[in-house]
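Report on the structure given below.
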Amino acid sequence: MAMNSILNPDDIKKTLDVFKAVDSFDHKRFFEMVGLKVKSADDVKKAFHILDADNSGFIEEEELKCVLKHFATDGRDLTDKETKAFLQAADKDGDGKIGAEEFAALVRE
């Protein structure tokens, strides 16, 4: 399954263009602009499973680094600074990875 089956491809492209510059990623703005924030809990769960590339049940730091590429193949990698900030914002239990509930809560912020 691809993100464009959940989200509008035009919204994805416009959003990725906004965050094209290095160190410009902001998860709150990103989820709002791409349209994920207003999607159903089921759609947010589908997005989580797409981002959980290794099917471990968690989004780990390496998967977070590539998060924009899951929205479009020409998405850039997040910088280490962006990745760590994203992880810190979502990882409420401090285990170093993002579970499905943590992801859903982050999207809804």
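Residue names in the structure tokens use chain letters A, B, ... in the order shown, residue numbers from 1 in each chain, and ligand numbers from 1 in the order shown.
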
DSSP says strand (DSSP E or B) for which residues of chain A? Put them as number ranges by chain? A: 58-60, 97-99

Looking only at the backbone, which of the residues in stretch 4-108 of chain A does DSSP tag as helix (DSSP H, G or I), as a PyMOL selection string? chain A and resi 4-5+9-18+27-34+41-51+61-65+67-70+80-90+100-108

I'd like the neighbourhood of A:Pro9 as a ChimeraX atom specification, where a residue qualifies if any of its atoms comes within 9 Å (using only C-alpha atoms), though same-chain residues fewer than 6 positions away should be ignored. /A:3,34,71-72

Here is a test: counting only C-alpha atoms, which residue of A:Val18, A:Ala104, A:Leu51, A:Val67 is nearest to A:Ala90?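 Looking at the shortest contact to A:Ala90, the residue is A:Ala104.
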
Could you check the closest approach to A:Asp80 for each of A:Phe19, A:Phe25, A:Phe31, A:Phe103 and tell me which residue wins, using only C-alpha atoms? A:Phe25

Using only C-alpha atoms, determine which residues lie at most 10 Å from stretch 73-78 of chain A, disregarding the query and same-chain residues fewer than 2 positions distant; provide the list as a ChimeraX atom specification. /A:12-13,16-17,19-25,62-71,80-84,86

One-decimal distance in Å that lies between atom CA of A:Arg108 and atom CA of A:Asp91: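 It comes out at 14.4 Å.
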
Can you pull out every residue within 12 Å of A:Lys45, counting only C-alpha atoms, but drop anything in the same chain fewer than 5 positions away, and send it as JSON, numbers by chain? {"A": [3, 6, 36, 37, 39, 40, 50, 51, 52, 57, 58, 99, 100, 101, 102, 103, 104, 105, 107]}

Given the selection you just returned, output its residues as a file containing N, CA and C atoms, formatted as a PDB file, in the first residue's frame.
ATOM      1  N   MET A   3       1.161   5.654   0.267  1.00  0.00           N
ATOM      2  CA  MET A   3       0.514   6.794   0.923  1.00  0.00           C
ATOM      3  C   MET A   3      -0.531   7.443   0.024  1.00  0.00           C
ATOM      4  N   ILE A   6      -4.074   6.668   0.579  1.00  0.00           N
ATOM      5  CA  ILE A   6      -4.696   7.227   1.781  1.00  0.00           C
ATOM      6  C   ILE A   6      -4.865   8.741   1.638  1.00  0.00           C
ATOM      7  N   LEU A  36      -3.033  14.125   6.781  1.00  0.00           N
ATOM      8  CA  LEU A  36      -3.147  12.943   7.647  1.00  0.00           C
ATOM      9  C   LEU A  36      -3.866  13.269   8.952  1.00  0.00           C
ATOM     10  N   LYS A  37      -3.700  14.481   9.437  1.00  0.00           N
ATOM     11  CA  LYS A  37      -4.287  14.881  10.720  1.00  0.00           C
ATOM     12  C   LYS A  37      -5.810  14.723  10.747  1.00  0.00           C
ATOM     13  N   LYS A  39      -7.557  12.535   8.888  1.00  0.00           N
ATOM     14  CA  LYS A  39      -7.962  11.200   8.442  1.00  0.00           C
ATOM     15  C   LYS A  39      -8.471  10.372   9.616  1.00  0.00           C
ATOM     16  N   SER A  40      -9.162   9.306   9.297  1.00  0.00           N
ATOM     17  CA  SER A  40      -9.710   8.416  10.327  1.00  0.00           C
ATOM     18  C   SER A  40      -8.580   7.696  11.060  1.00  0.00           C
ATOM     19  N   ILE A  50       2.769   1.639   6.816  1.00  0.00           N
ATOM     20  CA  ILE A  50       3.613   1.950   5.656  1.00  0.00           C
ATOM     21  C   ILE A  50       4.977   2.445   6.133  1.00  0.00           C
ATOM     22  N   LEU A  51       4.993   3.294   7.150  1.00  0.00           N
ATOM     23  CA  LEU A  51       6.245   3.856   7.665  1.00  0.00           C
ATOM     24  C   LEU A  51       7.069   2.829   8.437  1.00  0.00           C
ATOM     25  N   ASP A  52       6.409   1.819   8.983  1.00  0.00           N
ATOM     26  CA  ASP A  52       7.087   0.725   9.694  1.00  0.00           C
ATOM     27  C   ASP A  52       7.603  -0.274   8.655  1.00  0.00           C
ATOM     28  N   GLY A  57       6.435  -3.388  14.155  1.00  0.00           N
ATOM     29  CA  GLY A  57       5.417  -2.850  15.049  1.00  0.00           C
ATOM     30  C   GLY A  57       5.825  -1.509  15.626  1.00  0.00           C
ATOM     31  N   PHE A  58       6.990  -1.018  15.197  1.00  0.00           N
ATOM     32  CA  PHE A  58       7.515   0.269  15.656  1.00  0.00           C
ATOM     33  C   PHE A  58       8.168   0.996  14.489  1.00  0.00           C
ATOM     34  N   GLY A  99       5.671   3.639  18.703  1.00  0.00           N
ATOM     35  CA  GLY A  99       4.628   2.635  18.546  1.00  0.00           C
ATOM     36  C   GLY A  99       3.423   3.235  17.833  1.00  0.00           C
ATOM     37  N   ALA A 100       2.466   2.385  17.482  1.00  0.00           N
ATOM     38  CA  ALA A 100       1.285   2.831  16.741  1.00  0.00           C
ATOM     39  C   ALA A 100       0.482   3.880  17.505  1.00  0.00           C
ATOM     40  N   GLU A 101       0.316   3.698  18.814  1.00  0.00           N
ATOM     41  CA  GLU A 101      -0.447   4.661  19.611  1.00  0.00           C
ATOM     42  C   GLU A 101       0.299   5.987  19.727  1.00  0.00           C
ATOM     43  N   GLU A 102       1.622   5.921  19.876  1.00  0.00           N
ATOM     44  CA  GLU A 102       2.427   7.140  19.941  1.00  0.00           C
ATOM     45  C   GLU A 102       2.331   7.905  18.617  1.00  0.00           C
ATOM     46  N   PHE A 103       2.364   7.161  17.515  1.00  0.00           N
ATOM     47  CA  PHE A 103       2.258   7.788  16.194  1.00  0.00           C
ATOM     48  C   PHE A 103       0.915   8.459  16.027  1.00  0.00           C
ATOM     49  N   ALA A 104      -0.158   7.772  16.400  1.00  0.00           N
ATOM     50  CA  ALA A 104      -1.503   8.332  16.278  1.00  0.00           C
ATOM     51  C   ALA A 104      -1.640   9.601  17.114  1.00  0.00           C
ATOM     52  N   ALA A 105      -1.087   9.593  18.320  1.00  0.00           N
ATOM     53  CA  ALA A 105      -1.144  10.774  19.184  1.00  0.00           C
ATOM     54  C   ALA A 105      -0.353  11.932  18.577  1.00  0.00           C
ATOM     55  N   VAL A 107       0.258  12.468  15.347  1.00  0.00           N
ATOM     56  CA  VAL A 107      -0.483  12.969  14.184  1.00  0.00           C
ATOM     57  C   VAL A 107      -1.603  13.910  14.630  1.00  0.00           C
TER      58      VAL A 107
END

Which value, in Å to one decimal, gives the distance between atom CA of A:Ser5 and atom CA of A:Asp54? 19.9 Å

Residues near A:Asp11, cut-off 8 Å, only C-alpha atoms, skip fewer than 4 positions along chain, as a VMD selection string: chain A and resid 7 15 33 to 35

Using only C-alpha atoms, please write the residues we just selected to a file, as a PDB file, in the first residue's frame.
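Result file is out.pdb:
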ATOM      1  CA  LEU A   7      -3.798  10.837   0.955  1.00  0.00           C
ATOM      2  CA  THR A  15       3.758  19.416   1.289  1.00  0.00           C
ATOM      3  CA  MET A  33      -0.578  19.966   5.337  1.00  0.00           C
ATOM      4  CA  VAL A  34      -0.414  16.448   3.929  1.00  0.00           C
ATOM      5  CA  GLY A  35      -3.932  15.783   5.247  1.00  0.00           C
TER       6      GLY A  35
END
